[in-house]
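Visitor: Sharing coords_25.cif (mmCIF, C-alpha atoms) below.
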data_entry
#
loop_
_atom_site.group_PDB
_atom_site.id
_atom_site.type_symbol
_atom_site.label_atom_id
_atom_site.label_comp_id
_atom_site.auth_asym_id
_atom_site.auth_seq_id
_atom_site.Cartn_x
_atom_site.Cartn_y
_atom_site.Cartn_z
ATOM 1 C CA MET A 445 96.473 173.893 72.267
ATOM 2 C CA ASN A 446 97.147 171.469 75.085
ATOM 3 C CA VAL A 447 97.948 173.023 78.448
ATOM 4 C CA LYS A 448 99.025 171.030 81.460
ATOM 5 C CA VAL A 449 99.270 172.512 84.928
ATOM 6 C CA LEU A 450 101.769 170.613 87.043
ATOM 7 C CA GLY A 451 101.239 170.722 90.786
ATOM 8 C CA PRO A 452 100.117 168.634 93.735
ATOM 9 C CA GLY A 453 96.711 170.305 94.002
ATOM 10 C CA CYS A 454 97.665 173.226 96.205
ATOM 11 C CA ALA A 455 95.798 176.541 96.204
ATOM 12 C CA ASN A 456 98.246 178.125 93.762
ATOM 13 C CA CYS A 457 97.864 175.169 91.387
ATOM 14 C CA LYS A 458 94.073 175.472 91.415
ATOM 15 C CA ALA A 459 94.303 179.219 90.941
ATOM 16 C CA THR A 460 96.599 178.719 87.957
ATOM 17 C CA VAL A 461 94.109 176.358 86.320
ATOM 18 C CA THR A 462 91.290 178.805 86.945
ATOM 19 C CA LEU A 463 93.270 181.716 85.530
ATOM 20 C CA ILE A 464 94.163 179.817 82.355
ATOM 21 C CA GLU A 465 90.524 178.802 81.913
ATOM 22 C CA GLN A 466 89.403 182.406 82.345
ATOM 23 C CA VAL A 467 91.942 183.805 79.891
ATOM 24 C CA ALA A 468 91.211 181.109 77.314
ATOM 25 C CA LYS A 469 87.476 181.720 77.590
ATOM 26 C CA ALA A 470 87.813 185.496 77.448
ATOM 27 C CA LYS A 471 90.019 185.332 74.370
ATOM 28 C CA GLY A 472 88.030 182.578 72.696
ATOM 29 C CA LEU A 473 90.979 180.201 72.531
ATOM 30 C CA ASP A 474 90.627 176.481 71.875
ATOM 31 C CA VAL A 475 92.547 175.157 74.854
ATOM 32 C CA THR A 476 92.497 171.754 76.527
ATOM 33 C CA ILE A 477 93.598 171.986 80.140
ATOM 34 C CA GLU A 478 94.872 168.998 82.110
ATOM 35 C CA LYS A 479 96.006 168.816 85.718
ATOM 36 C CA VAL A 480 99.049 166.673 86.483
ATOM 37 C CA GLU A 481 99.107 166.042 90.231
ATOM 38 C CA GLU A 482 101.183 162.893 90.715
ATOM 39 C CA LEU A 483 104.674 163.738 91.952
ATOM 40 C CA ARG A 484 106.297 161.184 89.683
ATOM 41 C CA ASP A 485 104.480 162.540 86.621
ATOM 42 C CA ILE A 486 105.383 166.126 87.528
ATOM 43 C CA ILE A 487 109.077 165.419 87.914
ATOM 44 C CA ALA A 488 109.103 163.486 84.644
ATOM 45 C CA TYR A 489 108.983 166.975 83.117
ATOM 46 C CA GLY A 490 112.139 167.900 85.056
ATOM 47 C CA VAL A 491 110.181 170.233 87.288
ATOM 48 C CA MET A 492 110.574 170.532 91.062
ATOM 49 C CA ALA A 493 109.006 173.924 91.696
ATOM 50 C CA THR A 494 105.253 174.045 91.214
ATOM 51 C CA PRO A 495 102.865 175.099 89.896
ATOM 52 C CA ALA A 496 104.355 174.758 86.451
ATOM 53 C CA VAL A 497 102.741 175.125 83.046
ATOM 54 C CA VAL A 498 103.373 172.958 80.011
ATOM 55 C CA ILE A 499 102.058 173.993 76.603
ATOM 56 C CA ASP A 500 102.075 171.392 73.837
ATOM 57 C CA GLY A 501 104.722 169.434 75.696
ATOM 58 C CA GLU A 502 107.046 172.320 76.456
ATOM 59 C CA VAL A 503 107.590 173.595 79.988
ATOM 60 C CA VAL A 504 106.950 177.327 79.736
ATOM 61 C CA HIS A 505 106.562 178.377 83.367
ATOM 62 C CA VAL A 506 107.756 177.024 86.722
ATOM 63 C CA GLY A 507 107.622 177.873 90.373
ATOM 64 C CA GLY A 508 104.533 179.858 91.185
ATOM 65 C CA ARG A 509 101.185 181.181 90.120
ATOM 66 C CA PRO A 510 101.681 183.152 86.893
ATOM 67 C CA SER A 511 100.213 186.624 86.482
ATOM 68 C CA GLN A 512 97.323 187.190 84.103
ATOM 69 C CA ALA A 513 99.670 189.041 81.746
ATOM 70 C CA LYS A 514 102.032 186.075 81.786
ATOM 71 C CA VAL A 515 99.198 183.659 81.004
ATOM 72 C CA GLU A 516 98.020 185.851 78.152
ATOM 73 C CA GLN A 517 101.556 185.891 76.796
ATOM 74 C CA LEU A 518 101.923 182.116 77.147
ATOM 75 C CA LEU A 519 98.648 181.460 75.375
ATOM 76 C CA GLY A 520 99.457 183.964 72.673
ATOM 77 C CA ALA A 521 96.282 185.807 73.523
ATOM 78 C CA MET B 1356 93.111 170.336 61.649
ATOM 79 C CA ASP B 1357 96.670 169.156 61.926
ATOM 80 C CA PRO B 1358 96.634 166.135 64.264
ATOM 81 C CA ALA B 1359 99.971 167.190 65.707
ATOM 82 C CA ALA B 1360 98.401 170.407 66.941
ATOM 83 C CA SER B 1361 96.007 168.576 69.229
ATOM 84 C CA THR B 1362 98.490 166.160 70.726
ATOM 85 C CA SER B 1363 100.947 166.890 73.459
ATOM 86 C CA PRO B 1364 104.278 165.110 73.903
ATOM 87 C CA VAL B 1365 104.402 163.154 77.129
ATOM 88 C CA PRO B 1366 107.752 162.750 78.863
ATOM 89 C CA THR B 1367 109.241 159.359 79.536
ATOM 90 C CA PRO B 1368 107.559 158.026 82.684
ATOM 91 C CA LEU B 1369 109.746 157.548 85.715
ATOM 92 C CA PRO B 1370 109.695 154.147 87.407
ATOM 93 C CA GLU B 1371 108.408 153.875 90.967
ATOM 94 C CA ALA B 1372 110.984 155.138 93.424
ATOM 95 C CA ARG B 1373 112.616 152.581 95.686
ATOM 96 C CA ALA B 1374 111.527 152.958 99.321
ATOM 97 C CA TYR B 1375 113.680 151.896 102.252
ATOM 98 C CA CYS B 1376 112.522 151.470 105.814
ATOM 99 C CA PRO B 1377 114.851 152.701 108.592
ATOM 100 C CA THR B 1378 116.225 149.195 109.114
ATOM 101 C CA THR B 1379 117.293 148.803 105.517
ATOM 102 C CA THR B 1380 118.601 152.365 105.446
ATOM 103 C CA PHE B 1381 120.738 151.653 108.512
ATOM 104 C CA GLY B 1382 122.211 148.591 106.836
ATOM 105 C CA LYS B 1383 122.870 150.448 103.604
ATOM 106 C CA THR B 1384 124.484 153.460 105.260
ATOM 107 C CA HIS B 1385 126.364 151.761 108.083
ATOM 108 C CA ARG B 1386 127.472 148.541 106.417
ATOM 109 C CA GLU B 1387 127.235 148.877 102.641
ATOM 110 C CA GLY B 1388 128.653 152.322 102.000
ATOM 111 C CA ALA B 1389 125.530 154.123 100.868
ATOM 112 C CA LEU B 1390 125.497 157.896 101.212
ATOM 113 C CA LEU B 1391 122.659 159.391 103.224
ATOM 114 C CA VAL B 1392 121.404 162.637 101.655
ATOM 115 C CA ASP B 1393 119.442 164.803 104.074
ATOM 116 C CA VAL B 1394 117.291 167.301 102.150
ATOM 117 C CA ARG B 1395 115.890 169.129 105.188
ATOM 118 C CA GLU B 1396 116.682 172.800 105.729
ATOM 119 C CA ALA B 1397 119.584 173.940 107.922
ATOM 120 C CA ASP B 1398 117.482 174.780 110.974
ATOM 121 C CA GLU B 1399 115.924 171.330 110.962
ATOM 122 C CA VAL B 1400 119.318 169.663 110.737
ATOM 123 C CA ALA B 1401 120.645 171.844 113.537
ATOM 124 C CA ALA B 1402 117.837 170.618 115.786
ATOM 125 C CA LEU B 1403 118.054 166.939 114.932
ATOM 126 C CA ALA B 1404 120.512 165.181 112.634
ATOM 127 C CA PHE B 1405 121.132 161.675 111.382
ATOM 128 C CA ASP B 1406 124.099 160.019 113.058
ATOM 129 C CA ALA B 1407 125.454 157.993 110.153
ATOM 130 C CA PRO B 1408 128.985 157.425 108.852
ATOM 131 C CA ASP B 1409 128.507 159.564 105.773
ATOM 132 C CA VAL B 1410 125.746 162.152 105.546
ATOM 133 C CA VAL B 1411 125.439 164.974 103.040
ATOM 134 C CA HIS B 1412 123.160 167.921 103.733
ATOM 135 C CA LEU B 1413 121.600 169.211 100.519
ATOM 136 C CA PRO B 1414 118.428 171.190 101.282
ATOM 137 C CA LEU B 1415 115.517 170.819 98.927
ATOM 138 C CA SER B 1416 115.477 174.614 98.506
ATOM 139 C CA SER B 1417 118.790 174.401 96.624
ATOM 140 C CA PHE B 1418 118.485 170.873 95.293
ATOM 141 C CA GLU B 1419 117.963 171.716 91.619
ATOM 142 C CA ARG B 1420 120.992 173.983 91.640
ATOM 143 C CA ARG B 1421 123.300 171.652 93.577
ATOM 144 C CA PHE B 1422 122.228 168.070 92.838
ATOM 145 C CA ALA B 1423 125.264 167.505 90.572
ATOM 146 C CA GLU B 1424 127.444 167.583 93.698
ATOM 147 C CA LEU B 1425 126.083 164.142 94.523
ATOM 148 C CA PRO B 1426 128.080 161.136 93.318
ATOM 149 C CA ARG B 1427 126.637 158.875 90.655
ATOM 150 C CA ASP B 1428 128.865 155.923 91.473
ATOM 151 C CA ARG B 1429 127.447 154.971 94.879
ATOM 152 C CA GLU B 1430 124.035 154.316 96.325
ATOM 153 C CA LEU B 1431 122.178 157.351 97.655
ATOM 154 C CA VAL B 1432 119.421 157.214 100.269
ATOM 155 C CA LEU B 1433 117.384 160.424 100.369
ATOM 156 C CA ALA B 1434 115.846 161.507 103.660
ATOM 157 C CA CYS B 1435 113.857 164.342 105.195
ATOM 158 C CA ALA B 1436 111.512 164.747 108.172
ATOM 159 C CA VAL B 1437 108.775 162.327 107.111
ATOM 160 C CA GLY B 1438 109.745 161.152 103.632
ATOM 161 C CA VAL B 1439 107.751 163.499 101.412
ATOM 162 C CA ARG B 1440 110.342 166.062 100.379
ATOM 163 C CA SER B 1441 112.959 163.361 99.972
ATOM 164 C CA LEU B 1442 110.640 161.441 97.646
ATOM 165 C CA LYS B 1443 110.539 164.530 95.459
ATOM 166 C CA ALA B 1444 114.343 164.695 95.516
ATOM 167 C CA THR B 1445 114.573 160.973 94.774
ATOM 168 C CA TYR B 1446 112.435 161.322 91.674
ATOM 169 C CA TYR B 1447 114.408 164.371 90.595
ATOM 170 C CA LEU B 1448 117.659 162.419 90.767
ATOM 171 C CA MET B 1449 116.029 159.589 88.808
ATOM 172 C CA TYR B 1450 114.978 162.138 86.200
ATOM 173 C CA GLN B 1451 118.585 163.335 86.080
ATOM 174 C CA GLY B 1452 119.792 159.814 85.395
ATOM 175 C CA TYR B 1453 120.918 158.660 88.829
ATOM 176 C CA ALA B 1454 120.417 154.900 88.757
ATOM 177 C CA ASN B 1455 120.960 153.907 92.374
ATOM 178 C CA VAL B 1456 118.744 156.025 94.612
ATOM 179 C CA ALA B 1457 116.133 155.260 97.268
ATOM 180 C CA ASN B 1458 113.883 157.158 99.647
ATOM 181 C CA LEU B 1459 113.814 156.686 103.425
ATOM 182 C CA SER B 1460 110.113 156.176 104.130
ATOM 183 C CA GLY B 1461 108.981 158.044 107.219
ATOM 184 C CA GLY B 1462 112.123 160.170 107.325
ATOM 185 C CA ILE B 1463 114.097 161.002 110.417
ATOM 186 C CA GLN B 1464 110.977 160.820 112.582
ATOM 187 C CA ARG B 1465 110.503 157.142 111.836
ATOM 188 C CA TRP B 1466 114.266 156.543 111.961
ATOM 189 C CA ALA B 1467 114.498 158.069 115.443
ATOM 190 C CA ALA B 1468 111.295 156.445 116.670
ATOM 191 C CA LYS B 1469 112.801 153.075 115.781
ATOM 192 C CA GLY B 1470 115.837 153.852 117.925
ATOM 193 C CA PHE B 1471 118.336 154.471 115.166
ATOM 194 C CA PRO B 1472 121.089 156.955 115.972
ATOM 195 C CA VAL B 1473 120.515 160.694 115.814
ATOM 196 C CA ARG B 1474 122.220 163.775 117.161
ATOM 197 C CA GLY B 1475 120.349 166.632 118.774
ATOM 198 C CA SER B 1476 117.109 167.187 120.568
ATOM 199 C CA LEU B 1477 114.147 164.942 119.989
ATOM 200 C CA GLU B 1478 110.583 166.133 120.052
ATOM 201 C CA PRO B 1479 108.730 164.690 123.050
ATOM 202 C CA THR B 1480 106.405 162.819 120.689
ATOM 203 C CA PHE B 1481 109.159 160.572 119.468
ATOM 204 C CA ALA B 1482 111.692 160.772 122.285
ATOM 205 C CA ALA B 1483 110.936 157.344 123.671
ATOM 206 C CA GLY B 1484 114.096 155.938 125.145
ATOM 207 C CA GLY B 1485 115.943 159.214 124.920
ATOM 208 C CA CYS B 1486 116.803 161.287 127.966
ATOM 209 C CA CYS B 1487 116.942 165.000 128.683
ATOM 210 C CA GLY B 1488 116.838 165.900 124.998
ATOM 211 C CA GLY B 1489 120.257 164.376 124.349
ATOM 212 C CA SER B 1490 121.411 161.775 121.863
ATOM 213 C CA VAL B 1491 119.648 158.481 121.711
ATOM 214 C CA ALA B 1492 120.979 154.973 121.293
ATOM 215 C CA ALA B 1493 124.108 154.704 119.179
ATOM 216 C CA GLU B 1494 122.955 151.317 117.899
ATOM 217 C CA PRO B 1495 119.443 150.076 117.230
ATOM 218 C CA SER B 1496 118.042 147.184 119.155
ATOM 219 C CA ALA B 1497 118.700 143.723 117.776
ATOM 220 C CA ALA B 1498 114.994 143.357 117.080
ATOM 221 C CA VAL B 1499 115.067 145.931 114.329
ATOM 222 C CA GLN B 1500 118.363 144.968 112.734
ATOM 223 C CA GLY B 1501 118.048 143.194 109.412
ATOM 224 C CA CYS B 1502 114.822 143.044 107.511
ATOM 225 C CA GLY B 1503 112.611 140.207 106.323
ATOM 226 C CA CYS B 1504 110.037 142.286 104.533
ATOM 227 C CA ASP B 1505 108.723 140.646 101.367
ATOM 228 C CA ASP B 1506 107.292 143.899 100.094
ATOM 229 C CA GLY B 1507 109.165 144.457 96.863
ATOM 230 C CA ALA B 1508 108.845 148.226 97.141
ATOM 231 C CA CYS B 1509 110.694 148.233 100.428
ATOM 232 C CA GLY B 1510 113.813 146.654 99.059
ATOM 233 C CA CYS B 1511 114.527 145.168 102.463
ATOM 234 C CA GLU B 1512 116.691 142.153 103.141
ATOM 235 C CA GLY B 1513 117.261 140.139 106.287
ATOM 236 C CA GLY B 1514 114.955 139.649 109.258
ATOM 237 C CA GLY B 1515 112.869 141.839 111.558
ATOM 238 C CA CYS B 1516 111.601 144.511 109.215
ATOM 239 C CA ASP B 1517 109.564 147.360 110.655
ATOM 240 C CA CYS B 1518 108.104 148.481 107.346
#
Starting from the coordinates I provided, produce the structure as structure tokens.
Guide:
Amino acid sequence: MNVKVLGPGCANCKATVTLIEQVAKAKGLDVTIEKVEELRDIIAYGVMATPAVVIDGEVVHVGGRPSQAKVEQLLGA
Amino acid sequence: MDPAASTSPVPTPLPEARAYCPTTTFGKTHREGALLVDVREADEVAALAFDAPDVVHLPLSSFERRFAELPRDRELVLACAVGVRSLKATYYLMYQGYANVANLSGGIQRWAAKGFPVRGSLEPTFAAGGCCGGSVAAEPSAAVQGCGCDDGACGCEGGGCDC
């Protein structure tokens, strides 16, 4: 599973990456996490509100740090 | 393992946004019919506003919801305080298929500091030439009119560029 976190590198973006890493590790999921920090690359996904999460090319979350329950749901954990 | 499972579709890359200096923006908005789109919030606009023939206020906080109000058949120059939020809005319009958009580099701070017309109170840090917090020059000095910048990203034309 490929997960991209879209965001300019703010605290919420970093926290989102950390949370996804923690959930993936705890659940034993094979997840590749990438950070997309360039504004132009972020908006190419049609996203203005960050952080946003893209899973296998699909935008699944926008506009804030997701809860742990939301991340577990997104990862199918 | 299915190769498709390990790959991730990448969206079509957006081209680099066009950047205008205040001089070029003045020419576009005052002489060539471009629409200036101010994406600052209402309180910022109330304190200091662009004095241009045609300005639309569309705050970034409601930009995604309201961007379709903007015309597609004329040039749009996006602006904010320093050019960061408006760059975001510029790219968003490009993503939405707007072909003729540009960003005012440096925003209203650079615009005002160069002596281009504004309405409202200026901060002391860039109030040079202004008086008593009132409006500043209605026209820029001749020295900054026109633009001779050969920086392709600027998009400037003419002589005397400040970019």
Visitor: Between atom CA of A:Asp500 and atom CA of A:Asp485, what is the distance in Å, rounded to a tenth?
Guide: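 Straight-line distance from atom CA of A:Asp500 to atom CA of A:Asp485 works out to 15.7 Å.
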Visitor: Can you pull out every residue within 10 Å of A:Gly507, counting only C-alpha atoms, but drop anything in the same chain fewer than 4 positions away, and send it as a ChimeraX atom specification?
Guide: /A:450-451,456,491-497
Visitor: Export, as a PDB file, in the coordinates of the input, the selected residues with C-alpha atoms.
Guide:
ATOM      1  CA  LEU A 450     101.769 170.613  87.043  1.00  0.00           C
ATOM      2  CA  GLY A 451     101.239 170.722  90.786  1.00  0.00           C
ATOM      3  CA  ASN A 456      98.246 178.125  93.762  1.00  0.00           C
ATOM      4  CA  VAL A 491     110.181 170.233  87.288  1.00  0.00           C
ATOM      5  CA  MET A 492     110.574 170.532  91.062  1.00  0.00           C
ATOM      6  CA  ALA A 493     109.006 173.924  91.696  1.00  0.00           C
ATOM      7  CA  THR A 494     105.253 174.045  91.214  1.00  0.00           C
ATOM      8  CA  PRO A 495     102.865 175.099  89.896  1.00  0.00           C
ATOM      9  CA  ALA A 496     104.355 174.758  86.451  1.00  0.00           C
ATOM     10  CA  VAL A 497     102.741 175.125  83.046  1.00  0.00           C
TER      11      VAL A 497
END
Visitor: Quick one: pull the distance between atom CA of B:Cys1376 and atom CA of B:Glu1399, Å, one decimal.
Guide: 20.8 Å
Visitor: Given the file shown, determine the residues that the PyMOL selection byres ((chain B) within 10 of (chain A)) selects; report them as a list in words.
Guide: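 The output of the PyMOL selection byres ((chain B) within 10 of (chain A)) on this file is Ala1359, Ala1360, Ser1361, Thr1362, Ser1363, Pro1364, Val1365, Pro1366, Thr1367, Pro1368, Leu1369, Pro1370, Glu1371, Ala1372, Leu1415, Ser1416, Phe1418, Glu1419, Val1439, Leu1442, Lys1443, Ala1444, Thr1445, Tyr1446, Tyr1447, Leu1448, Met1449, Tyr1450 and Gln1451 of chain B.
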Visitor: List the spatial neighbours of B:Val1456 as a list in words - criterion: any atom at most 6 Å away, all atoms listed in the file, same-chain residues fewer than 6 positions off excluded.
Guide: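 Returned residues: Glu1430, Leu1431 and Val1432 of chain B.
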